[in-house]
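Below: one structure, written as C-alpha cells.
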Amino acid sequence: MISRKSSNFYLLLILFFLFFQFSHSQSRPLIVDDHELQKKWVDSIYEKMTLKEKVGQLFMVDIFSNGSDRDFEKIRTLIREEKIGGLIFSKGGPKRQAHLTNEFQELSETPLLIGMDAEWGLAMRLDSTYAFPWNMTLGAIQNEELAEEVGAQIAKHSKRLGVHLNFAPVVDINTNPENPIIGNRSFGEDKENVAKKASAFVRGMSRYNILSSAKHFPGHGDTEKDSHKTLPTIDFSKDRIYREELYPYLSVINEGVSSVMVGHLNVPSLERRSDFPSSLSHEIVTGILKEELEFNGLIITDALNMKGVSDFDEPGEIDLAAFLAGNDILLMSEDVPKASEKILKAYNEGLITEDRLKHSVRKILYAKYKAGLHKYKAIDDTYLIEDLNSINNDVLSEKLYEEAMTVIKNDKGLFPVKDLEKNKIAYVHFGEDSGDNFFSRLNSYAKVDQVSAENLNELLDELESYNLVIIGYHQSNDSPWGNYKMSNKDQSWLYEIARKNRVILNVFTSPYSLLDLKTTANFEAIQIAYQNSRLGQEKAAEVIFGALGAKGKLPVRAGREFPVGSGFYTRDLERLSYGLPEQVGMNSYKLKKIDSLVNAVIDQKMAPGVQVLVARKGKVIYENYAGHHTYQKETPVKGTDVYDIASLTKILATLPLVMELVEKNELDFNTTLGEMFPEFRKTDKENITLLQMLSHYARFKAWIPFHNLTIDDETGKEDKRYLRDKEFPGYNTKIAEGMYVRNDIRDSIVNVIRKSELNKKREYQYSDLPYYLLKAYLENTYGTSLDYLTQDHFLEPLGANNTTYLPLNKFPKEKIVPTENDNIWRKQLLHGYVHDQGAAMLGGIGGQAGLFSNANDVAKIMQMYLNGGEYGGKRYLKQETIDKFNTCYYCEDEVRRGVGFDKPQLKEVGPTCGCVSMTSFGHSGFTGTLTWADPHEEIVYVFLSNRVHPSAEEKKLITEGIRTKIQEVIYEAIVD
C-alpha cells in the first residue's frame, strides 16, 4: 500500500515529467523556426543580388563622422554604385554618427553592417562617449565577471548607436614591453589570463547581440614594430605560436566569438613565403584558422590601408589576395571600385567560384541577421548622449579600478598606512601629467604636503622633516599608446629619494615603466594603478590608507623582481572610501534632489554657503560644497573649509573622552557631581548623575549667559575686572580680536553653575551646562587642556586634520568660514573665533562648543561610531560602550535623548525627518549644523552651514526644516 506522502511525491514526479515533455516539445520548434527564419531571410536577400551586389558585400569602408561633405558623398557613391556591405566609423561624435548611419542605411538596398573599434568603449573613437579602463587594467582584475560586464556595457552602447560589430576584444598576448601598438590594449602576457578575460568580454557582448571580433590573428603581442607603419615579424617556432599566441583564440572560438580579425604580420614559421603578410596567407587564414582551429565565423582583414599590407602590392590586388586567402570581409580597402573590379574579373575567369563567393556573402548576411538588421530600425537620437553616459558606466568603472589596484611591494606591511599621528607625510610629483586628483584624495585621509624643488639637493633637504614620502609617477591617460618610460632624471631622482626616505611609489601608467629602474630595493612599497585617470588616482590613494584593500595582480612582468601575477592583498581598515550611490544601494538621481534644497538655501539666503556629505556602508556617495563664506561672495565654499560646528562639539570631542573614562571604570552612569567635584558636595546638585546630565534630565537650566560676567551692571560696558583690550598678566585668554578675559574665568563659570537654581520639576530640558562641567572634569583628570585631549586621543589618529579648536592657530583665515557679526558683545565679525559666548569665555575651548571642522572630518568620527568604535585599523571605543551611550534611558518620561547623543523624536516634532531608525543618533548645532548616523541603514549624514551669518536672528534654515528635508531625501534614495 502506498502512503499518502508517497502518492503525493509520485504525483509531483509525473506532473514534472509531463511539464518537461510539454515545454521541451514547445521549445524545439522555436529553435527550428528561428533557424528557418534566418535562412529564409538570407536566401531572400542573396537570391535577389546581382554578382556586383554580392561582391560589394565583402567591403567595409571607413568613414569619419567629423569628416567633410566630400567624404560623405564618396560613401554615398560607394553605396549606390559599389553596393558595399558595411561601414566602419572612426573619429567624430555620436549624434553626427547616428544621423549619417540613418542616412546611409536608408540609401542602401541591403542593410549595412556598421562596425567600430570600441575596445575600451565608444570613446576610443568618439567624443561625448564613455571610456572604460584599458585591457591592461582589466588584466589586473581577478574577477572575470567584471570583464564580462565591460563587454556587455560597451555592447549596450554600441547597440544604442546602431553599431553591430565591435572590433574587440584584443587577444594579443603582450610579451614584449617595447610593443608600440598593443601594450595597454592587451589583457597581459599570461595566456590563461588573456584567454579568460577575452572570453568573458565576448560573453558580455553577446548579451546584446553585438558581434565580437578577436584580433590580431595569429598574434601581434611580441613585436617591436607597428603594422600601421611596416610589416612586423613574429619570429617564433610554430610550436611556440600554437602553444602561446593561438591559445586565447581557441578559448574565444569555443565561447562563440563572432569574427576574427587577421593581422598584417610576417610569420615565417607559418607562411613559407618571406615577408608575406599573414592577412594574405591562405596557409594561415584558411589552413590554420578555418581548418585547424575549425573557426566558422566571419574572418576579417585588418585595415587594408595599413603599411603592413598596403606596401606589399597595389590596391585591388591586395583585396583579391586577401579574399583568396579566405577572408570574408575586406576592411578599409584603399580603392573599392578597383578591388571590386579585380574580384569580379577573378570570378569571371573561374579563379573564384560561386561557392566560394556564396560562402562569404552568406556568412555576412547571417551576421547581419544576428545583429538584428532583418528588422532594421533607424536610430532615435533623443537622449542619445545621456543614454551613452548613464550612471551605470561610472558604477562599473568604480568597481573596475577598485579591483585593479595592485600592490607589488609591501615591506614591513607599509600598506595600508596606519598610525596617522605618527606619520608626517610628503607627496612628490613625477611624470608629465597631473597628479591633482591623487593629491586631493590623499588629503582626505591625512595631512599630506606637496613638496617640490628646482634641484635634487634642495628637494632632499625639504624631505628631511618627513618620515613618509608618497611619490606619484603620472603619465598621460589620453591614449593607451602614450609614453610610459621614465627619463634619466626621473630615475636618478627616484633612486636618491628612496635611498634617504621611507617611500611609497605609485605608478599611474604601464607597469613596464619600472623596467627603466636599475633597482627597486630602496622602495618600501610600490603600487601599480595602470592609468592616470581620475579614478585611478583616487582609488590608489584609498588603498594607501586602507579605505580599500588591494586585490589586483600584475598582468605583465615589471622586471625580474616582479613577475606576472605579483600582487599583495592588503587590508581594508574601514576608513571611509568614496564612490557612487548605486554602489551601496542608493539612487543618484533621487539624491540629486538635495541639490535643489541646497540651491534654495543659497538663493533664499538661509545661509551664505553649506557643506553636505552623505555616506553609506562606509562609502561617501554624495558631497556638495555650495555658496560662499559670506554674502559678499568673495570666497567660494570648498570641501576643505572649516565651519564652527557649535554643539556638534559635544558628541565629537567631549563625549568620546567621557566614553573612554567609562571604559576605564573611572566613571559610570551613576557617578555623581559630588564625586566628580568636591565643591558640589552638600549642594542641591551633589547627587545629579552622569546619566541624568548627559540625558538632559538633571533639572539644569538651558543656559546661563556667562558673558554677562564681563559686563558692568551699572554702565552696561566692559568690566575691566574681567576684560582687557590687550594681553596682560592674568589676562591671556583671548576671546576675539582685541578682547582678553581673566584666566581664572573657568573657575568662576563652574562656581556660577554650582550656585545656579535647578528647575523645580524633573523633565526634559536641553542644557549646555553639563558640558562646562565635563570640560573641567576632563582637564582636571588629565592635567591638560581639552584641546590637546581631543587631538591626542581621537582627532589626529583618525586623520581628522581639519578639525580643531582655535582654528586661527592652525589654518589660514581664508579657510575658516565666519559666523555672526556680533553687535552686542564682541562688536565684530566672528572669523576664526567660536560663536558660542560661553566657549569664547573659556578661550574658545568649550565642552559644549568650540570645534571647527569640515564635513569630511565629521563623517570620519561618525563612521567610527558606526564601525563599533573602530576606524583605520585602530579601536577607539568598544561596541558595547557606544551601544550603552546610544540608548534612551528615559523614553518613558518622554526624554528622547540618549547619553550625550540626540535621538529621533518620540512624537511628531524633533531633530530628524521621522524616517530614521530608532537606533540612529546624532546632534545639531546652533550655527546651522547637523550630523546623524544610522546603524540600521549604515548612513552618515553631515550638514554644515553658517546660517547665523550675519545675524543669529536669521532662522529660515530652521523654520524651513532644510536639514531634515535633506535627510528625508537621503532615505527616499535607498533602493536596496
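Chain labels A, B, ... are given in the sequence in which chains occur in the C-alpha cells; within each chain residues are numbered consecutively from 1, and ligands are likewise numbered from 1 in the order shown.
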
Query raised in the report: What's the 10 Å shell around Glu763 of chain A, counting only C-alpha atoms, without same-chain residues fewer than 5 positions away, as a PyMOL selection string?
Result: chain A and resi 696-700+890+893-895

Report task. Check the DSSP output for the backbone and give back, as a PyMOL selection string, the residues of segment 234-276 of chain A in alpha helix (DSSP H). Result -> chain A and resi 238-240+247-255

Just-selected residues, N, CA and C atoms written as a PDB file, in the first residue's frame:
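out.pdb written:
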```pdb
ATOM      1  N   LYS A 238      56.685  27.346 -34.837  1.00  0.00           N
ATOM      2  CA  LYS A 238      55.269  27.002 -34.965  1.00  0.00           C
ATOM      3  C   LYS A 238      54.738  26.460 -33.643  1.00  0.00           C
ATOM      4  N   ASP A 239      55.561  25.682 -32.971  1.00  0.00           N
ATOM      5  CA  ASP A 239      55.142  25.103 -31.693  1.00  0.00           C
ATOM      6  C   ASP A 239      54.871  26.196 -30.673  1.00  0.00           C
ATOM      7  N   ARG A 240      55.762  27.182 -30.601  1.00  0.00           N
ATOM      8  CA  ARG A 240      55.575  28.285 -29.654  1.00  0.00           C
ATOM      9  C   ARG A 240      54.306  29.060 -29.988  1.00  0.00           C
ATOM     10  N   TYR A 247      46.544  30.286 -28.223  1.00  0.00           N
ATOM     11  CA  TYR A 247      45.792  29.761 -27.080  1.00  0.00           C
ATOM     12  C   TYR A 247      44.506  30.535 -26.799  1.00  0.00           C
ATOM     13  N   PRO A 248      44.568  31.877 -26.719  1.00  0.00           N
ATOM     14  CA  PRO A 248      43.313  32.600 -26.443  1.00  0.00           C
ATOM     15  C   PRO A 248      42.307  32.521 -27.589  1.00  0.00           C
ATOM     16  N   TYR A 249      42.793  32.304 -28.816  1.00  0.00           N
ATOM     17  CA  TYR A 249      41.852  32.170 -29.933  1.00  0.00           C
ATOM     18  C   TYR A 249      40.999  30.916 -29.777  1.00  0.00           C
ATOM     19  N   LEU A 250      41.619  29.851 -29.334  1.00  0.00           N
ATOM     20  CA  LEU A 250      40.847  28.625 -29.086  1.00  0.00           C
ATOM     21  C   LEU A 250      39.769  28.879 -28.046  1.00  0.00           C
ATOM     22  N   SER A 251      40.099  29.665 -27.024  1.00  0.00           N
ATOM     23  CA  SER A 251      39.152  29.951 -25.960  1.00  0.00           C
ATOM     24  C   SER A 251      37.971  30.768 -26.464  1.00  0.00           C
ATOM     25  N   VAL A 252      38.245  31.841 -27.200  1.00  0.00           N
ATOM     26  CA  VAL A 252      37.146  32.699 -27.656  1.00  0.00           C
ATOM     27  C   VAL A 252      36.330  32.027 -28.758  1.00  0.00           C
ATOM     28  N   ILE A 253      36.976  31.169 -29.553  1.00  0.00           N
ATOM     29  CA  ILE A 253      36.221  30.416 -30.562  1.00  0.00           C
ATOM     30  C   ILE A 253      35.228  29.490 -29.874  1.00  0.00           C
ATOM     31  N   ASN A 254      35.680  28.821 -28.825  1.00  0.00           N
ATOM     32  CA  ASN A 254      34.765  27.972 -28.054  1.00  0.00           C
ATOM     33  C   ASN A 254      33.663  28.777 -27.388  1.00  0.00           C
ATOM     34  N   GLU A 255      33.966  30.037 -27.095  1.00  0.00           N
ATOM     35  CA  GLU A 255      32.976  30.912 -26.460  1.00  0.00           C
ATOM     36  C   GLU A 255      31.970  31.445 -27.459  1.00  0.00           C
TER      37      GLU A 255
END
```

**Report entry** segment 595-601 of chain A surroundings by only C-alpha atoms, 12 Å radius, close-in-sequence under 2 positions cut, as an NGL selection string
**Finding:** :A and (588-593 or 603-613 or 622-628 or 928 or 943-947 or 954-970)

Take the selection from the previous step and output its residues with C-alpha atoms, as a PDB file, in the first residue's frame.
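File produced: selection07.pdb:
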```pdb
ATOM      1  CA  SER A 588      21.923  59.019  -7.741  1.00  0.00           C
ATOM      2  CA  TYR A 589      19.024  60.774  -9.412  1.00  0.00           C
ATOM      3  CA  LYS A 590      16.922  60.770  -6.260  1.00  0.00           C
ATOM      4  CA  LEU A 591      19.850  62.079  -4.233  1.00  0.00           C
ATOM      5  CA  LYS A 592      20.142  64.985  -6.654  1.00  0.00           C
ATOM      6  CA  LYS A 593      17.035  66.411  -5.023  1.00  0.00           C
ATOM      7  CA  ASP A 603      19.154  81.576  -3.246  1.00  0.00           C
ATOM      8  CA  GLN A 604      16.849  82.411  -0.338  1.00  0.00           C
ATOM      9  CA  LYS A 605      19.750  83.498   1.882  1.00  0.00           C
ATOM     10  CA  MET A 606      19.138  80.940   4.607  1.00  0.00           C
ATOM     11  CA  ALA A 607      22.925  80.688   4.804  1.00  0.00           C
ATOM     12  CA  PRO A 608      25.768  82.019   2.639  1.00  0.00           C
ATOM     13  CA  GLY A 609      27.127  78.524   1.993  1.00  0.00           C
ATOM     14  CA  VAL A 610      26.922  74.885   3.015  1.00  0.00           C
ATOM     15  CA  GLN A 611      28.766  71.587   3.049  1.00  0.00           C
ATOM     16  CA  VAL A 612      26.642  68.453   2.706  1.00  0.00           C
ATOM     17  CA  LEU A 613      28.000  64.921   2.854  1.00  0.00           C
ATOM     18  CA  TYR A 622      27.303  62.455  -2.025  1.00  0.00           C
ATOM     19  CA  GLU A 623      29.192  65.696  -1.447  1.00  0.00           C
ATOM     20  CA  ASN A 624      28.016  69.215  -2.150  1.00  0.00           C
ATOM     21  CA  TYR A 625      30.058  72.291  -1.303  1.00  0.00           C
ATOM     22  CA  ALA A 626      27.961  75.265  -2.339  1.00  0.00           C
ATOM     23  CA  GLY A 627      27.735  79.006  -1.922  1.00  0.00           C
ATOM     24  CA  HIS A 628      30.273  81.325  -0.369  1.00  0.00           C
ATOM     25  CA  GLY A 928      23.304  75.669  11.347  1.00  0.00           C
ATOM     26  CA  PHE A 943      25.217  69.269   7.100  1.00  0.00           C
ATOM     27  CA  LEU A 944      27.363  72.292   7.905  1.00  0.00           C
ATOM     28  CA  SER A 945      26.444  75.916   7.375  1.00  0.00           C
ATOM     29  CA  ASN A 946      26.892  79.363   8.867  1.00  0.00           C
ATOM     30  CA  ARG A 947      23.220  80.265   8.944  1.00  0.00           C
ATOM     31  CA  GLU A 954      18.133  84.562  10.643  1.00  0.00           C
ATOM     32  CA  LYS A 955      16.260  81.312  11.328  1.00  0.00           C
ATOM     33  CA  LYS A 956      14.786  80.433   7.954  1.00  0.00           C
ATOM     34  CA  LEU A 957      17.062  77.405   7.650  1.00  0.00           C
ATOM     35  CA  ILE A 958      15.436  76.116  10.839  1.00  0.00           C
ATOM     36  CA  THR A 959      11.848  77.132  10.117  1.00  0.00           C
ATOM     37  CA  GLU A 960      12.041  75.622   6.607  1.00  0.00           C
ATOM     38  CA  GLY A 961      13.402  72.397   8.072  1.00  0.00           C
ATOM     39  CA  ILE A 962      16.061  72.172   5.371  1.00  0.00           C
ATOM     40  CA  ARG A 963      18.321  69.789   7.288  1.00  0.00           C
ATOM     41  CA  THR A 964      15.535  67.281   7.896  1.00  0.00           C
ATOM     42  CA  LYS A 965      14.200  67.655   4.348  1.00  0.00           C
ATOM     43  CA  ILE A 966      17.624  66.653   3.072  1.00  0.00           C
ATOM     44  CA  GLN A 967      17.591  63.709   5.454  1.00  0.00           C
ATOM     45  CA  GLU A 968      14.226  62.672   4.033  1.00  0.00           C
ATOM     46  CA  VAL A 969      15.655  62.737   0.504  1.00  0.00           C
ATOM     47  CA  ILE A 970      18.522  60.506   1.653  1.00  0.00           C
TER      48      ILE A 970
END
```

Requested in this report: Point out the residue among A:Phe926, A:Phe72, A:Tyr130, A:Tyr740 with the least atom-to-atom distance to Ile385 of chain A, counting only C-alpha atoms.
Outcome: A:Tyr130

**Report entry** Contacts of segment 48-64 of chain A at 7 Å (only C-alpha atoms; same-chain gap of 3+ positions) as an MDAnalysis selection string
**Finding:** chainID A and resid 44:45 67 82:92 328:333 340 361

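Atom CA of Pro656 of chain A is positioned 16.6 Å from atom CA of Gly872 of chain A.
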
Requested in this report: Give me, please, the distance in Å between atom CA of Leu388 of chain A and atom CA of Thr129 of chain A, quoted to one decimal.
Outcome: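 The value is 6.1 Å.
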
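Contact shell of Asp490 of chain A at 12 Å (only C-alpha atoms; same-chain neighbours under 3 positions omitted): Val428, His429, Phe430, Gly431, Glu432, Asn455, Leu456, Ile471, Gly472, Tyr473, His474, Tyr484, Lys485, Met486, Ser487, Trp493, Leu494, Tyr495, Glu496, Ile497, Ala498, Ser513, Leu514, Asp516, Leu517 and Lys518 of chain A.
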
Keeping only C-alpha atoms, write those residues as a PDB file, in the first residue's frame.
```pdb
ATOM      1  CA  VAL A 428      56.296  64.323  -4.602  1.00  0.00           C
ATOM      2  CA  HIS A 429      55.080  64.502  -8.188  1.00  0.00           C
ATOM      3  CA  PHE A 430      56.896  62.859 -11.102  1.00  0.00           C
ATOM      4  CA  GLY A 431      55.912  62.492 -14.741  1.00  0.00           C
ATOM      5  CA  GLU A 432      54.375  64.629 -17.447  1.00  0.00           C
ATOM      6  CA  ASN A 455      67.156  70.691  -7.868  1.00  0.00           C
ATOM      7  CA  LEU A 456      67.611  67.337  -6.188  1.00  0.00           C
ATOM      8  CA  ILE A 471      55.628  59.508  -4.887  1.00  0.00           C
ATOM      9  CA  GLY A 472      53.243  59.613  -7.829  1.00  0.00           C
ATOM     10  CA  TYR A 473      54.590  58.856 -11.300  1.00  0.00           C
ATOM     11  CA  HIS A 474      51.916  60.317 -13.599  1.00  0.00           C
ATOM     12  CA  TYR A 484      55.367  55.424 -20.095  1.00  0.00           C
ATOM     13  CA  LYS A 485      59.155  55.488 -19.892  1.00  0.00           C
ATOM     14  CA  MET A 486      60.962  57.257 -17.081  1.00  0.00           C
ATOM     15  CA  SER A 487      63.513  59.878 -18.016  1.00  0.00           C
ATOM     16  CA  TRP A 493      65.943  61.422  -8.503  1.00  0.00           C
ATOM     17  CA  LEU A 494      63.741  58.478  -7.527  1.00  0.00           C
ATOM     18  CA  TYR A 495      66.772  56.469  -6.546  1.00  0.00           C
ATOM     19  CA  GLU A 496      68.145  59.229  -4.312  1.00  0.00           C
ATOM     20  CA  ILE A 497      64.800  59.974  -2.658  1.00  0.00           C
ATOM     21  CA  ALA A 498      64.228  56.297  -1.938  1.00  0.00           C
ATOM     22  CA  SER A 513      57.813  51.810 -16.603  1.00  0.00           C
ATOM     23  CA  LEU A 514      59.549  50.041 -13.725  1.00  0.00           C
ATOM     24  CA  ASP A 516      63.817  51.515 -16.511  1.00  0.00           C
ATOM     25  CA  LEU A 517      64.744  51.497 -12.824  1.00  0.00           C
ATOM     26  CA  LYS A 518      68.071  49.852 -12.109  1.00  0.00           C
TER      27      LYS A 518
END
```

**Report entry** Asn392 of chain A environment, 12 Å, only C-alpha atoms, sequence neighbours closer than 2 positions dropped, as a ChimeraX atom specification
**Finding:** /A:130,132,149-150,152-154,156-157,386-390,394-399,580-583,587-589

Query - Two-atom distance - atom CA of Thr230 of chain A, atom CA of Ser269 of chain A (Å) - result: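 Value for the atom CA of Thr230 of chain A-atom CA of Ser269 of chain A distance: 19.1 Å.
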
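For Asp381 of chain A, the set of protein, DNA and RNA residues having any atom at most 7 Å away, when counting only C-alpha atoms and skipping those fewer than 3 positions along the same chain, is Lys95, Ala98 and Leu384 of chain A.
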
Could you give me, as a PDB file with C-alpha atoms, in the first residue's frame, each residue of segment 187-364 of chain A that DSSP assigns to strand (DSSP E) when run on this structure's backbone?
```
ATOM      1  CA  SER A 213      35.997  40.248 -33.143  1.00  0.00           C
ATOM      2  CA  ALA A 214      39.142  38.663 -31.726  1.00  0.00           C
ATOM      3  CA  LYS A 215      42.295  40.330 -33.020  1.00  0.00           C
ATOM      4  CA  HIS A 216      45.030  40.359 -34.355  1.00  0.00           C
ATOM      5  CA  PHE A 217      45.395  36.775 -35.606  1.00  0.00           C
ATOM      6  CA  SER A 259      34.633  37.087 -36.004  1.00  0.00           C
ATOM      7  CA  VAL A 260      38.406  37.011 -36.095  1.00  0.00           C
ATOM      8  CA  MET A 261      40.486  39.849 -37.472  1.00  0.00           C
ATOM      9  CA  VAL A 262      43.666  38.739 -39.217  1.00  0.00           C
ATOM     10  CA  LEU A 298      33.432  35.837 -40.030  1.00  0.00           C
ATOM     11  CA  ILE A 299      37.069  36.353 -40.941  1.00  0.00           C
ATOM     12  CA  ILE A 300      38.029  39.979 -41.398  1.00  0.00           C
ATOM     13  CA  THR A 301      41.250  41.529 -42.554  1.00  0.00           C
ATOM     14  CA  LEU A 330      37.840  43.292 -46.647  1.00  0.00           C
ATOM     15  CA  LEU A 331      38.288  46.131 -44.217  1.00  0.00           C
TER      16      LEU A 331
END
```

Requested in this report: Kindly indicate which residue among A:Val469, A:Glu938, A:Lys307, A:Pro950 lies nearest to Glu820 of chain A, using only C-alpha atoms for the distances.
Outcome: A:Pro950

Query raised in the report: Quick one: of A:Val556, A:Val940, A:Val448, A:Leu673, who's nearest to Arg616 of chain A, counting only C-alpha atoms?
Result: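 Among the listed residues, the smallest separation from Arg616 of chain A belongs to A:Val940.
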